[in-house]
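Novice: Structure: model13.cif, mmCIF, C-alpha atoms.
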data_entry
loop_
_atom_site.label_atom_id
_atom_site.label_comp_id
_atom_site.auth_asym_id
_atom_site.auth_seq_id
_atom_site.Cartn_x
_atom_site.Cartn_y
_atom_site.Cartn_z
CA MET X 1 53.88 19.99 97.28
CA GLU X 2 50.13 20.62 97.04
CA LYS X 3 50.47 24.24 98.13
CA GLU X 4 53.24 24.84 95.61
CA PHE X 5 51.20 23.19 92.84
CA LEU X 6 48.06 25.21 93.62
CA HIS X 7 50.05 28.42 93.61
CA ILE X 8 51.42 27.61 90.13
CA ILE X 9 47.97 26.71 88.79
CA GLN X 10 46.31 29.77 90.26
CA LYS X 11 48.95 32.03 88.77
CA ASN X 12 48.74 30.44 85.31
CA GLN X 13 45.10 29.34 85.14
CA GLY X 14 44.57 31.64 82.14
CA ILE X 15 46.31 28.98 80.04
CA ILE X 16 43.75 26.37 81.06
CA HIS X 17 40.83 28.72 80.44
CA LYS X 18 42.08 29.53 76.93
CA VAL X 19 42.47 25.86 76.05
CA CYS X 20 38.96 25.14 77.35
CA ASN X 21 37.51 28.06 75.39
CA ILE X 22 39.05 26.85 72.14
CA TYR X 23 38.08 23.19 72.51
CA CYS X 24 34.64 23.40 74.10
CA ASP X 25 31.35 24.86 72.96
CA THR X 26 29.28 24.71 76.12
CA GLU X 27 29.73 25.85 79.72
CA ASP X 28 29.38 22.29 81.04
CA ASP X 29 32.03 20.94 78.67
CA ARG X 30 34.39 23.77 79.60
CA ASN X 31 33.95 23.11 83.32
CA ASP X 32 34.48 19.37 82.82
CA LEU X 33 37.57 19.91 80.71
CA PHE X 34 38.97 22.48 83.15
CA GLN X 35 38.62 20.03 86.01
CA GLU X 36 40.12 17.22 83.97
CA ILE X 37 43.13 19.33 83.00
CA VAL X 38 43.76 20.30 86.63
CA ALA X 39 43.54 16.61 87.62
CA GLN X 40 46.03 15.63 84.90
CA LEU X 41 48.40 18.46 85.86
CA TRP X 42 48.30 17.28 89.46
CA LYS X 43 49.02 13.73 88.36
CA SER X 44 51.92 14.85 86.21
CA TYR X 45 53.36 17.38 88.70
CA PRO X 46 55.62 14.94 90.64
CA ASN X 47 57.45 14.19 87.36
CA PHE X 48 57.87 17.85 86.43
CA ARG X 49 61.49 18.66 87.18
CA GLY X 50 61.57 22.17 85.77
CA ASP X 51 63.37 21.07 82.57
CA SER X 52 60.98 23.26 80.66
CA LYS X 53 59.08 26.43 81.52
CA VAL X 54 55.98 26.05 83.66
CA SER X 55 53.86 27.47 80.84
CA THR X 56 55.30 24.93 78.37
CA TRP X 57 54.47 22.05 80.71
CA MET X 58 50.96 23.38 81.37
CA TYR X 59 50.21 23.95 77.69
CA ARG X 60 51.45 20.47 76.85
CA VAL X 61 49.31 18.70 79.46
CA ALA X 62 46.27 20.90 78.78
CA LEU X 63 46.42 20.42 75.00
CA ASN X 64 47.06 16.67 75.27
CA THR X 65 44.08 16.35 77.60
CA ALA X 66 41.82 18.48 75.40
CA ILE X 67 42.75 16.68 72.17
CA THR X 68 42.43 13.17 73.63
CA THR X 69 39.32 13.77 75.68
CA PHE X 70 36.43 11.41 75.12
CA LYS X 71 33.08 13.02 74.47
CA LYS X 72 29.91 10.95 74.52
CA SER X 73 28.08 11.47 71.26
CA LYS X 74 25.01 13.50 72.01
CA ARG X 75 22.37 14.87 69.73
CA ARG X 76 24.00 18.01 68.48
CA PRO X 77 21.80 21.11 68.81
CA ASP X 78 21.02 23.06 65.68
CA GLN X 79 24.30 24.73 64.65
CA SER X 80 22.72 28.17 64.54
CA SER X 81 21.94 27.98 68.22
CA LEU X 82 25.59 27.44 69.20
CA THR X 83 26.79 30.73 70.60
CA TYR X 84 30.24 32.09 71.05
CA GLU X 85 29.49 32.63 74.76
CA ASN X 86 32.94 31.27 75.61
CA PHE X 87 34.47 34.11 73.68
CA GLN X 88 33.72 36.98 76.02
CA ILE X 89 35.22 40.43 75.52
CA GLU X 90 36.71 42.36 78.39
CA ASP X 91 34.16 45.14 79.01
CA GLU X 92 36.49 48.05 78.44
CA LYS X 93 37.50 46.68 75.04
CA TYR X 94 33.99 46.18 73.66
CA ASP X 95 32.88 47.64 70.35
CA THR X 96 30.64 46.35 67.55
CA GLU X 97 33.55 45.75 65.18
CA THR X 98 35.25 43.58 67.83
CA GLU X 99 32.05 41.65 68.34
CA GLU X 100 31.83 40.95 64.61
CA ASN X 101 35.46 39.87 64.55
CA ILE X 102 34.78 37.51 67.44
CA LYS X 103 31.99 35.83 65.48
CA VAL X 104 34.38 35.34 62.56
CA LEU X 105 37.14 34.06 64.88
CA HIS X 106 34.78 31.65 66.59
CA LYS X 107 33.37 30.30 63.34
CA ALA X 108 36.86 29.92 61.84
CA ILE X 109 38.19 28.01 64.84
CA GLN X 110 35.22 25.60 64.78
CA GLN X 111 36.36 24.40 61.34
CA LEU X 112 39.81 23.34 62.54
CA THR X 113 40.97 19.89 63.66
CA GLY X 114 42.20 19.24 67.21
CA ILE X 115 45.83 19.67 66.24
CA GLU X 116 45.16 22.76 64.14
CA LYS X 117 43.39 24.34 67.12
CA SER X 118 46.43 23.70 69.33
CA ILE X 119 48.79 25.31 66.80
CA VAL X 120 46.47 28.28 66.24
CA LEU X 121 46.06 28.83 69.97
CA LEU X 122 49.82 28.95 70.47
CA PHE X 123 50.18 31.22 67.44
CA LEU X 124 47.56 33.60 68.82
CA GLU X 125 49.47 33.55 72.13
CA ASN X 126 52.53 34.85 70.24
CA LYS X 127 54.56 31.68 70.71
CA LYS X 128 57.49 31.22 68.33
CA TYR X 129 57.57 28.15 66.07
CA GLU X 130 60.33 26.70 68.22
CA GLU X 131 58.18 26.90 71.30
CA ILE X 132 55.11 25.57 69.48
CA ALA X 133 57.23 22.59 68.39
CA GLU X 134 58.43 22.04 71.97
CA ILE X 135 54.93 22.16 73.41
CA THR X 136 53.25 19.98 70.81
CA GLY X 137 56.19 17.62 70.33
CA ILE X 138 56.05 17.95 66.56
CA THR X 139 58.96 19.12 64.44
CA GLN X 140 59.46 22.82 63.70
CA ASN X 141 59.26 22.05 60.00
CA TYR X 142 55.86 20.43 60.46
CA VAL X 143 54.68 23.38 62.54
CA ARG X 144 55.69 25.78 59.75
CA VAL X 145 53.96 23.74 57.05
CA LYS X 146 50.87 23.22 59.16
CA MET X 147 50.74 26.91 60.10
CA ASN X 148 50.86 27.94 56.42
CA ARG X 149 47.98 25.60 55.65
CA ILE X 150 46.00 26.89 58.61
CA LYS X 151 46.64 30.52 57.59
CA LYS X 152 45.31 29.78 54.08
CA LYS X 153 42.30 27.98 55.54
CA LEU X 154 41.55 30.84 57.94
CA LYS X 155 42.01 33.50 55.26
CA LYS X 156 39.56 31.64 53.02
CA LEU X 157 37.04 31.34 55.85
CA MET X 158 37.35 34.99 56.81
CA LEU X 159 37.02 36.08 53.18
CA THR X 160 33.78 34.11 52.91
CA GLU X 161 32.49 35.79 56.06
CA ASP X 162 33.41 39.26 54.86
CA GLU X 163 31.44 38.63 51.66
CA MET K 1 39.87 40.84 58.49
CA ASP K 2 43.43 39.51 58.30
CA LEU K 3 45.53 37.39 60.66
CA GLN K 4 46.83 40.37 62.57
CA ASP K 5 43.22 41.43 63.21
CA LEU K 6 42.61 37.90 64.42
CA LYS K 7 45.44 38.25 66.93
CA ASN K 8 44.20 41.65 68.06
CA THR K 9 40.71 40.23 68.54
CA TRP K 10 42.11 37.28 70.49
CA ASN K 11 43.98 39.62 72.81
CA LYS K 12 40.75 41.43 73.66
CA LEU K 13 39.05 38.27 74.91
CA ALA K 14 38.55 37.85 78.65
CA PRO K 15 40.51 34.78 79.80
CA GLY K 16 37.73 33.32 81.94
CA LYS K 17 36.43 33.35 85.48
CA GLU K 18 39.42 33.20 87.86
CA LEU K 19 39.25 30.46 90.48
CA ASP K 20 40.78 30.78 93.92
CA GLU K 21 43.01 28.21 95.66
CA GLU K 22 40.16 26.62 97.57
CA GLN K 23 38.15 26.00 94.41
CA LEU K 24 41.22 24.53 92.71
CA ARG K 25 42.01 22.40 95.77
CA SER K 26 38.49 20.92 95.70
CA MET K 27 39.17 19.72 92.13
CA LEU K 28 42.20 17.69 93.23
CA GLY K 29 40.09 15.50 95.48
CA LYS K 30 37.62 14.57 92.74
CA ARG K 31 37.95 11.39 90.74
CA THR K 32 39.02 12.01 87.18
CA LYS K 33 36.36 11.63 84.49
CA SER K 34 38.95 10.70 81.92
CA LEU K 35 37.87 7.66 79.89
CA ILE K 36 41.37 6.24 79.92
CA GLU K 37 41.55 6.39 83.74
CA ARG K 38 38.22 4.58 83.89
CA ILE K 39 39.36 1.99 81.38
CA ASP K 40 42.57 1.63 83.38
CA ARG K 41 40.51 0.84 86.48
CA ASN K 42 38.32 -1.57 84.48
CA ILE K 43 41.38 -3.38 83.14
CA LYS K 44 42.71 -3.84 86.68
CA ILE K 45 39.30 -5.11 87.82
CA GLY K 46 39.27 -7.41 84.78
CA PHE K 47 42.67 -8.81 85.76
CA ALA K 48 41.49 -9.40 89.33
CA VAL K 49 38.35 -11.17 88.10
CA LEU K 50 40.36 -13.29 85.63
CA LEU K 51 42.82 -14.23 88.36
CA GLY K 52 39.90 -15.18 90.59
CA LEU K 53 38.41 -17.32 87.81
CA ILE K 54 41.74 -19.04 87.16
CA VAL K 55 42.10 -19.92 90.85
CA LEU K 56 38.49 -21.13 90.93
CA PHE K 57 38.87 -23.31 87.82
CA MET K 58 42.09 -24.82 89.16
CA LEU K 59 40.51 -25.59 92.54
CA ASP K 60 37.57 -27.09 90.69
CA ASP K 61 39.82 -29.30 88.55
CA LEU K 62 42.06 -30.39 91.40
CA PHE K 63 39.61 -30.79 94.31
CA PHE K 64 35.89 -30.13 93.79
CA SER K 65 35.31 -32.08 90.56
CA PRO K 66 37.24 -35.23 91.56
CA GLU K 67 35.29 -35.30 94.86
CA THR K 68 31.94 -34.81 93.11
CA ILE K 69 32.77 -37.40 90.46
CA GLU K 70 33.77 -39.93 93.11
CA LYS K 71 30.67 -39.30 95.19
CA TYR K 72 27.98 -39.19 92.49
CA TYR K 73 29.38 -40.38 89.21
CA SER K 74 31.66 -43.25 90.08
CA GLU K 75 29.62 -45.51 87.79
CA MET K 76 29.54 -42.94 85.00
CA PRO K 77 33.05 -41.65 84.49
CA ILE K 78 33.53 -38.35 82.67
CA PRO K 79 35.15 -38.99 79.27
CA GLU K 80 38.78 -38.10 78.97
CA TRP K 81 38.22 -35.68 76.09
CA VAL K 82 35.99 -33.57 78.37
CA LEU K 83 38.68 -33.47 81.05
CA PHE K 84 41.27 -32.60 78.41
CA LEU K 85 39.05 -29.75 77.13
CA ALA K 86 38.72 -28.34 80.64
CA PHE K 87 42.48 -28.56 81.20
CA LEU K 88 43.21 -26.93 77.82
CA GLY K 89 40.76 -24.17 78.63
CA ASN K 90 42.61 -23.41 81.86
CA ILE K 91 45.98 -23.29 80.11
CA LEU K 92 44.53 -20.92 77.50
CA ILE K 93 43.12 -18.61 80.14
CA VAL K 94 46.36 -18.54 82.18
CA THR K 95 48.57 -17.88 79.12
CA THR K 96 46.32 -15.15 77.78
CA PHE K 97 46.06 -13.55 81.21
CA LEU K 98 49.85 -13.42 81.54
CA TYR K 99 50.16 -12.03 77.99
CA PHE K 100 47.74 -9.19 78.76
CA VAL K 101 49.34 -8.31 82.09
CA ILE K 102 52.80 -8.07 80.51
CA LYS K 103 51.53 -6.10 77.51
CA TYR K 104 49.52 -3.75 79.68
CA TYR K 105 52.36 -2.84 82.04
CA ARG K 106 54.68 -2.30 79.09
CA VAL K 107 52.20 0.22 77.65
CA LYS K 108 51.75 1.84 81.08
CA LYS K 109 55.49 2.50 81.35
CA HIS K 110 55.43 4.22 77.97
CA CYS K 111 54.79 7.83 78.95
CA ASP K 112 52.44 10.06 80.94
CA VAL K 113 50.21 12.94 79.85
CA ALA K 114 53.15 15.37 79.86
CA CYS K 115 54.71 13.54 76.93
CA ASP K 116 54.48 14.83 73.41
CA LEU K 117 51.12 14.43 71.71
CA LYS K 118 52.25 11.55 69.50
CA GLY K 119 53.42 9.50 72.48
CA THR K 120 50.23 10.25 74.39
CA LEU K 121 48.04 9.26 71.44
CA LYS K 122 49.95 6.02 70.87
CA LYS K 123 49.64 5.11 74.52
CA ILE K 124 45.89 5.75 74.60
CA ILE K 125 45.31 3.79 71.38
CA GLU K 126 47.34 0.85 72.71
CA THR K 127 45.49 0.92 76.04
CA LEU K 128 42.15 0.91 74.24
CA THR K 129 43.30 -1.94 72.00
CA ILE K 130 44.29 -3.99 75.06
CA TYR K 131 40.93 -3.22 76.63
CA GLN K 132 39.14 -4.25 73.44
CA ARG K 133 41.08 -7.52 73.26
CA LEU K 134 40.48 -8.20 76.95
CA PHE K 135 36.80 -7.64 76.32
CA TYR K 136 36.82 -10.11 73.41
CA LEU K 137 38.83 -12.58 75.48
CA ALA K 138 36.31 -12.44 78.31
CA LEU K 139 33.58 -12.90 75.73
CA ALA K 140 35.37 -15.86 74.13
CA ILE K 141 35.91 -17.53 77.53
CA MET K 142 32.27 -17.04 78.41
CA LEU K 143 31.14 -18.50 75.08
CA LEU K 144 33.59 -21.39 75.37
CA ALA K 145 32.39 -22.16 78.89
CA MET K 146 28.76 -22.00 77.69
CA ALA K 147 29.52 -24.24 74.71
CA SER K 148 31.39 -26.81 76.84
CA ALA K 149 28.70 -26.82 79.49
CA PHE K 150 26.01 -27.22 76.84
CA THR K 151 27.95 -30.02 75.12
CA MET K 152 28.52 -31.82 78.41
CA GLY K 153 24.87 -31.38 79.25
CA MET K 154 23.82 -32.87 75.90
CA TYR K 155 26.21 -35.77 76.38
CA GLU K 156 24.96 -36.49 79.90
CA GLY K 157 21.38 -36.15 78.68
CA LEU K 158 21.87 -38.69 75.87
CA ASN K 159 23.72 -41.04 78.21
CA HIS K 160 21.01 -40.84 80.83
CA ASN K 161 18.32 -41.39 78.20
CA ALA K 162 20.13 -44.46 76.90
CA GLU K 163 20.44 -45.84 80.45
CA LEU K 164 16.72 -45.43 81.05
CA GLN K 165 16.18 -47.65 78.02
CA GLY K 166 18.68 -50.14 79.37
CA LEU K 167 21.29 -49.29 76.75
CA GLN K 168 24.87 -47.98 76.74
CA PHE K 169 25.94 -44.77 75.07
CA ALA K 170 27.65 -46.75 72.30
CA ASP K 171 24.31 -48.43 71.50
CA ILE K 172 22.62 -45.16 70.51
CA GLU K 173 21.71 -45.04 66.81
CA THR K 174 24.23 -43.14 64.72
CA GLY K 175 21.47 -41.14 63.07
CA LYS K 176 20.13 -39.94 66.43
CA LEU K 177 23.62 -39.12 67.58
CA ILE K 178 24.38 -37.07 64.46
CA LEU K 179 21.06 -35.24 64.84
CA ALA K 180 21.84 -34.46 68.48
CA VAL K 181 25.30 -33.18 67.58
CA ALA K 182 23.92 -31.10 64.71
CA ILE K 183 21.24 -29.54 66.92
CA SER K 184 23.85 -28.79 69.61
CA VAL K 185 26.18 -27.15 67.13
CA VAL K 186 23.41 -25.03 65.61
CA ILE K 187 22.12 -23.88 69.00
CA VAL K 188 25.60 -23.09 70.30
CA LEU K 189 26.48 -21.20 67.10
CA LEU K 190 23.23 -19.23 67.04
CA ILE K 191 23.29 -18.20 70.69
CA GLY K 192 27.04 -17.67 70.68
CA SER K 193 26.93 -15.52 67.53
CA ALA K 194 24.00 -13.49 68.82
CA ILE K 195 25.82 -12.73 72.07
CA PHE K 196 29.11 -12.03 70.32
CA PHE K 197 27.71 -9.67 67.67
CA SER K 198 25.45 -7.75 70.03
CA LEU K 199 28.25 -7.16 72.55
CA ARG K 200 30.66 -6.26 69.77
CA TRP K 201 28.11 -3.77 68.40
CA GLY K 202 27.74 -2.30 71.89
CA PHE K 203 31.50 -1.93 72.33
CA ARG K 204 31.88 -0.26 68.93
CA LYS K 205 28.99 2.09 69.62
CA LEU K 206 30.61 3.18 72.87
CA TYR K 207 34.21 3.51 71.81
CA GLY K 208 34.34 3.04 68.03
CA ASN K 209 34.19 6.74 67.12
CA TYR K 210 36.63 7.68 69.84
CA ILE K 211 39.23 5.19 68.61
CA LYS K 212 38.70 6.42 65.03
CA LYS K 213 39.17 10.04 66.13
CA LEU K 214 42.41 9.24 67.96
CA LYS K 215 43.80 7.27 65.01
CA SER K 216 42.89 10.07 62.61
CA THR K 217 44.67 12.60 64.85
CA LEU K 218 47.75 10.36 64.96
CA ARG K 219 47.67 10.03 61.15
CA GLU K 220 47.54 13.82 60.86
CA LEU K 221 50.68 14.04 63.03
CA LYS K 222 52.49 11.43 60.95
CA GLU K 223 51.68 13.16 57.63
CA LEU K 224 54.91 15.06 57.34
CA ASP K 225 57.27 12.78 59.29
#
Show me, as structure tokens, the structure contained in the file I just sent.

Specialist:
Amino acid sequence: MEKEFLHIIQKNQGIIHKVCNIYCDTEDDRNDLFQEIVAQLWKSYPNFRGDSKVSTWMYRVALNTAITTFKKSKRRPDQSSLTYENFQIEDEKYDTETEENIKVLHKAIQQLTGIEKSIVLLFLENKKYEEIAEITGITQNYVRVKMNRIKKKLKKLMLTEDE
Amino acid sequence: MDLQDLKNTWNKLAPGKELDEEQLRSMLGKRTKSLIERIDRNIKIGFAVLLGLIVLFMLDDLFFSPETIEKYYSEMPIPEWVLFLAFLGNILIVTTFLYFVIKYYRVKKHCDVACDLKGTLKKIIETLTIYQRLFYLALAIMLLAMASAFTMGMYEGLNHNAELQGLQFADIETGKLILAVAISVVIVLLIGSAIFFSLRWGFRKLYGNYIKKLKSTLRELKELD
């Protein structure tokens, strides 16, 4: 069972990395969250009967873990020193416009709540509303309404940045 | 920049450093850092300690105390109200212990981390609430034990004092008695309150914001239900 589980995780670890990138600001937090998600997936694996897709199950566990994770309150560093280091561009796709867009993307995502981040992540991963609803366990109607609000929020934020 | 640009930008991001099977395997062996897992362990330890205390108190009431009383205090019997208080205290502890165990295992059965977010949030909030109540219960038992011990000590002290003067407890002046009771009550209340409020402050500092954050997330989910 362990071998099978590790094979699944290795093949789909991109999902975990993306969740960690969206929910964490620092390298240490990302590593901690990554490890925690793997531990929770392992704990939940015996009950996974293949009723849903592997990616659906992984997203669900990863997002639940990220949203409910306890962070000790620490003195926050000056906001301007927070970098978007977790948002790295693949070398061959680098250009200055992309780098600017990444700054906007990073700043916009920081303003979202835990649930909004989960919906946005799934939207950016081209998941349909039906699948987003299945992963998050909220109704499709709520996903639609929430997504419209998030789109307005993001548009407003990006407009401010462009100015 | 519009939303499509956002998606295009997202697709250009590198997913992250790929880990091999060995690195992932090493993570399985490590103890989870999850707060809820730690609280889960603490609750089980709390139950074990409470069970130990219950057994100890019962042994004390049934064997140790009667032996001690017979050996050293046969001429100074412990008042019945003190014995009744001790017995009531044990019943309270046993009932509350059973209540927490039943409640806790009901919450545990609820769902695991692969459930929907709402179910997961509810389970975590309920677990934290049980932990908080268990914490207050332990605190209340400790304060009750301190108060009873202090009261018994005051009583024995007054009794002993009276005996030294060749008097009985009933011969002590009412005024002195009232003063002694008043002083006892004030001291117990002051020390008890100080301990209670400082530990409560500590608990809230540790977990207060976390519980608030979880409840606010749950409220956000319930908005359009």

Novice: Would you mind listing what lies within 8 Å of Met58 of chain X as a compact mmCIF listing (two decimals) with C-alpha atoms, in the frame of the given file, with all atoms listed in the file counted and same-chain residues fewer than 3 positions away left out?

Specialist:
# COMPACT_ATOMS: atom_id res chain seq x y z
CA ILE X 15 46.31 28.98 80.04
CA ILE X 16 43.75 26.37 81.06
CA LEU X 41 48.40 18.46 85.86
CA VAL X 54 55.98 26.05 83.66
CA SER X 55 53.86 27.47 80.84
CA VAL X 61 49.31 18.70 79.46
CA ALA X 62 46.27 20.90 78.78

Novice: List as a tab-separated table every residue of chain X that is in contact with chain K, defined as an atom at most 8 Å from one of its atoms (using all atoms listed in the file), together with the nearest atom pair and the distance in Å rounded to one decimal, sorted by chain and then rising number.

Specialist:
residue	atom	partner	partner_atom	distance
X:Leu6	CA	K:Glu21	CA	6.2
X:His7	CA	K:Glu21	CA	7.3
X:Gln10	CA	K:Glu21	CA	6.5
X:Gln13	CA	K:Glu18	CA	7.4
X:Gly14	CA	K:Pro15	CA	5.6
X:His17	CA	K:Gly16	CA	5.7
X:Lys18	CA	K:Pro15	CA	6.2
X:Gln35	CA	K:Met27	CA	6.2
X:Glu36	CA	K:Thr32	CA	6.2
X:Val38	CA	K:Met27	CA	7.2
X:Ala39	CA	K:Leu28	CA	5.9
X:Gln40	CA	K:Val113	CA	7.1
X:Trp42	CA	K:Leu28	CA	7.2
X:Ser44	CA	K:Ala114	CA	6.5
X:Trp57	CA	K:Ala114	CA	6.9
X:Arg60	CA	K:Ala114	CA	6.2
X:Val61	CA	K:Ala114	CA	5.1
X:Asn64	CA	K:Leu117	CA	5.8
X:Thr65	CA	K:Val113	CA	7.4
X:Thr68	CA	K:Leu214	CA	6.9
X:Thr69	CA	K:Ser34	CA	7.0
X:Phe70	CA	K:Leu35	CA	6.2
X:Lys71	CA	K:Tyr210	CA	7.9
X:Lys72	CA	K:Leu206	CA	8.0
X:Phe87	CA	K:Leu13	CA	6.3
X:Gln88	CA	K:Ala14	CA	5.6
X:Ile89	CA	K:Leu13	CA	4.4
X:Glu90	CA	K:Ala14	CA	4.9
X:Lys93	CA	K:Lys12	CA	6.3
X:Thr98	CA	K:Thr9	CA	6.4
X:Asn101	CA	K:Thr9	CA	6.6
X:Ile102	CA	K:Thr9	CA	6.6
X:Leu105	CA	K:Leu6	CA	6.7
X:Gly114	CA	K:Thr217	CA	7.5
X:Ile115	CA	K:Thr217	CA	7.3
X:Leu124	CA	K:Lys7	CA	5.4
X:Ile135	CA	K:Asp116	CA	7.3
X:Thr136	CA	K:Asp116	CA	5.9
X:Gly137	CA	K:Asp116	CA	4.5
X:Ile138	CA	K:Leu221	CA	7.5
X:Tyr142	CA	K:Leu224	CA	6.3
X:Lys151	CA	K:Leu3	CA	7.6
X:Lys155	CA	K:Asp2	CA	6.9
X:Met158	CA	K:Met1	CA	6.6
X:Leu159	CA	K:Met1	CA	7.7
X:Asp162	CA	K:Met1	CA	7.6

Novice: With C-alpha atoms retained, export the selected residues as a short mmCIF file (atom, residue, chain, number, x, y, z; two decimals), keeping the file's coordinate frame.

Specialist:
data_model
loop_
_atom_site.label_atom_id
_atom_site.label_comp_id
_atom_site.auth_asym_id
_atom_site.auth_seq_id
_atom_site.Cartn_x
_atom_site.Cartn_y
_atom_site.Cartn_z
CA LEU X 6 48.06 25.21 93.62
CA HIS X 7 50.05 28.42 93.61
CA GLN X 10 46.31 29.77 90.26
CA GLN X 13 45.10 29.34 85.14
CA GLY X 14 44.57 31.64 82.14
CA HIS X 17 40.83 28.72 80.44
CA LYS X 18 42.08 29.53 76.93
CA GLN X 35 38.62 20.03 86.01
CA GLU X 36 40.12 17.22 83.97
CA VAL X 38 43.76 20.30 86.63
CA ALA X 39 43.54 16.61 87.62
CA GLN X 40 46.03 15.63 84.90
CA TRP X 42 48.30 17.28 89.46
CA SER X 44 51.92 14.85 86.21
CA TRP X 57 54.47 22.05 80.71
CA ARG X 60 51.45 20.47 76.85
CA VAL X 61 49.31 18.70 79.46
CA ASN X 64 47.06 16.67 75.27
CA THR X 65 44.08 16.35 77.60
CA THR X 68 42.43 13.17 73.63
CA THR X 69 39.32 13.77 75.68
CA PHE X 70 36.43 11.41 75.12
CA LYS X 71 33.08 13.02 74.47
CA LYS X 72 29.91 10.95 74.52
CA PHE X 87 34.47 34.11 73.68
CA GLN X 88 33.72 36.98 76.02
CA ILE X 89 35.22 40.43 75.52
CA GLU X 90 36.71 42.36 78.39
CA LYS X 93 37.50 46.68 75.04
CA THR X 98 35.25 43.58 67.83
CA ASN X 101 35.46 39.87 64.55
CA ILE X 102 34.78 37.51 67.44
CA LEU X 105 37.14 34.06 64.88
CA GLY X 114 42.20 19.24 67.21
CA ILE X 115 45.83 19.67 66.24
CA LEU X 124 47.56 33.60 68.82
CA ILE X 135 54.93 22.16 73.41
CA THR X 136 53.25 19.98 70.81
CA GLY X 137 56.19 17.62 70.33
CA ILE X 138 56.05 17.95 66.56
CA TYR X 142 55.86 20.43 60.46
CA LYS X 151 46.64 30.52 57.59
CA LYS X 155 42.01 33.50 55.26
CA MET X 158 37.35 34.99 56.81
CA LEU X 159 37.02 36.08 53.18
CA ASP X 162 33.41 39.26 54.86
#

Novice: Extract, using all atoms listed in the file, all DNA, RNA and protein residues at most 12 Å from Ala138 of chain K, discarding same-chain residues fewer than 2 positions from it, and format them as a PDB file with C-alpha atoms, in the coordinates of the input.

Specialist:
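And here is the file that came out, around_16.pdb:
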ATOM      1  CA  ILE K  43      41.380  -3.380  83.140  1.00  0.00           C
ATOM      2  CA  GLY K  46      39.270  -7.410  84.780  1.00  0.00           C
ATOM      3  CA  PHE K  47      42.670  -8.810  85.760  1.00  0.00           C
ATOM      4  CA  VAL K  49      38.350 -11.170  88.100  1.00  0.00           C
ATOM      5  CA  LEU K  50      40.360 -13.290  85.630  1.00  0.00           C
ATOM      6  CA  LEU K  53      38.410 -17.320  87.810  1.00  0.00           C
ATOM      7  CA  LEU K  92      44.530 -20.920  77.500  1.00  0.00           C
ATOM      8  CA  ILE K  93      43.120 -18.610  80.140  1.00  0.00           C
ATOM      9  CA  THR K  96      46.320 -15.150  77.780  1.00  0.00           C
ATOM     10  CA  PHE K  97      46.060 -13.550  81.210  1.00  0.00           C
ATOM     11  CA  PHE K 100      47.740  -9.190  78.760  1.00  0.00           C
ATOM     12  CA  TYR K 131      40.930  -3.220  76.630  1.00  0.00           C
ATOM     13  CA  GLN K 132      39.140  -4.250  73.440  1.00  0.00           C
ATOM     14  CA  ARG K 133      41.080  -7.520  73.260  1.00  0.00           C
ATOM     15  CA  LEU K 134      40.480  -8.200  76.950  1.00  0.00           C
ATOM     16  CA  PHE K 135      36.800  -7.640  76.320  1.00  0.00           C
ATOM     17  CA  TYR K 136      36.820 -10.110  73.410  1.00  0.00           C
ATOM     18  CA  ALA K 140      35.370 -15.860  74.130  1.00  0.00           C
ATOM     19  CA  ILE K 141      35.910 -17.530  77.530  1.00  0.00           C
ATOM     20  CA  MET K 142      32.270 -17.040  78.410  1.00  0.00           C
ATOM     21  CA  LEU K 143      31.140 -18.500  75.080  1.00  0.00           C
ATOM     22  CA  LEU K 144      33.590 -21.390  75.370  1.00  0.00           C
ATOM     23  CA  ALA K 145      32.390 -22.160  78.890  1.00  0.00           C
ATOM     24  CA  PHE K 196      29.110 -12.030  70.320  1.00  0.00           C
ATOM     25  CA  LEU K 199      28.250  -7.160  72.550  1.00  0.00           C
ATOM     26  CA  ARG K 200      30.660  -6.260  69.770  1.00  0.00           C
TER      27      ARG K 200
END

Novice: Please expand the PyMOL selection byres ((chain K and resi 159) around 12) into the concrete residues it hits in this file, giving the result as a list in words.

Specialist: Met76, Pro77, Ile78, Pro79, Met152, Gly153, Met154, Tyr155, Glu156, Gly157, Leu158, His160, Asn161, Ala162, Glu163, Leu164, Gln165, Gly166, Leu167, Gln168, Phe169, Ala170, Asp171, Ile172, Leu177 and Ala180 of chain K

Novice: What's the 12 Å shell around Ala182 of chain K, counting all atoms listed in the file, without same-chain residues fewer than 6 positions away, as a list of chain:residue names?

Specialist: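 The residues that qualify are K:Thr151, K:Met154, K:Gly175, K:Lys176, K:Val188, K:Leu189.
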
Novice: Around all of segment 96-108 of chain X's listed atoms, make the axis-aligned box with 5 Å on each side and tell me centre and edge lengths in Å to one decimal, as JSON.

Specialist:
{"center_x": 33.9, "center_y": 38.1, "center_z": 65.1, "size_x": 16.5, "size_y": 26.4, "size_z": 16.5}

Novice: To one decimal place, how far is atom CA of Lys107 of chain X from atom CA of Thr26 of chain X in Å?

Specialist: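 Spanning atom CA of Lys107 of chain X to atom CA of Thr26 of chain X is a straight-line distance of 14.5 Å.
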
Novice: Please compute the atom CA of Leu63 of chain X-atom CA of Ile119 of chain X distance, one decimal, in Å.

Specialist: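 Calculated distance between atom CA of Leu63 of chain X and atom CA of Ile119 of chain X is 9.8 Å.
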
Novice: Report the residues retrieved by the PyMOL selection byres ((chain X and resi 109-113) around 9) from the displayed file, expressed as a ChimeraX atom specification.

Specialist: /X:22-23,104-108,114-118,120,150,153-154,157 /K:217

Novice: How many Å lie between atom CA of Leu139 of chain K and atom CA of Gly89 of chain K, rounded to one decimal?

Specialist: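 Spanning atom CA of Leu139 of chain K to atom CA of Gly89 of chain K is a straight-line distance of 13.7 Å.
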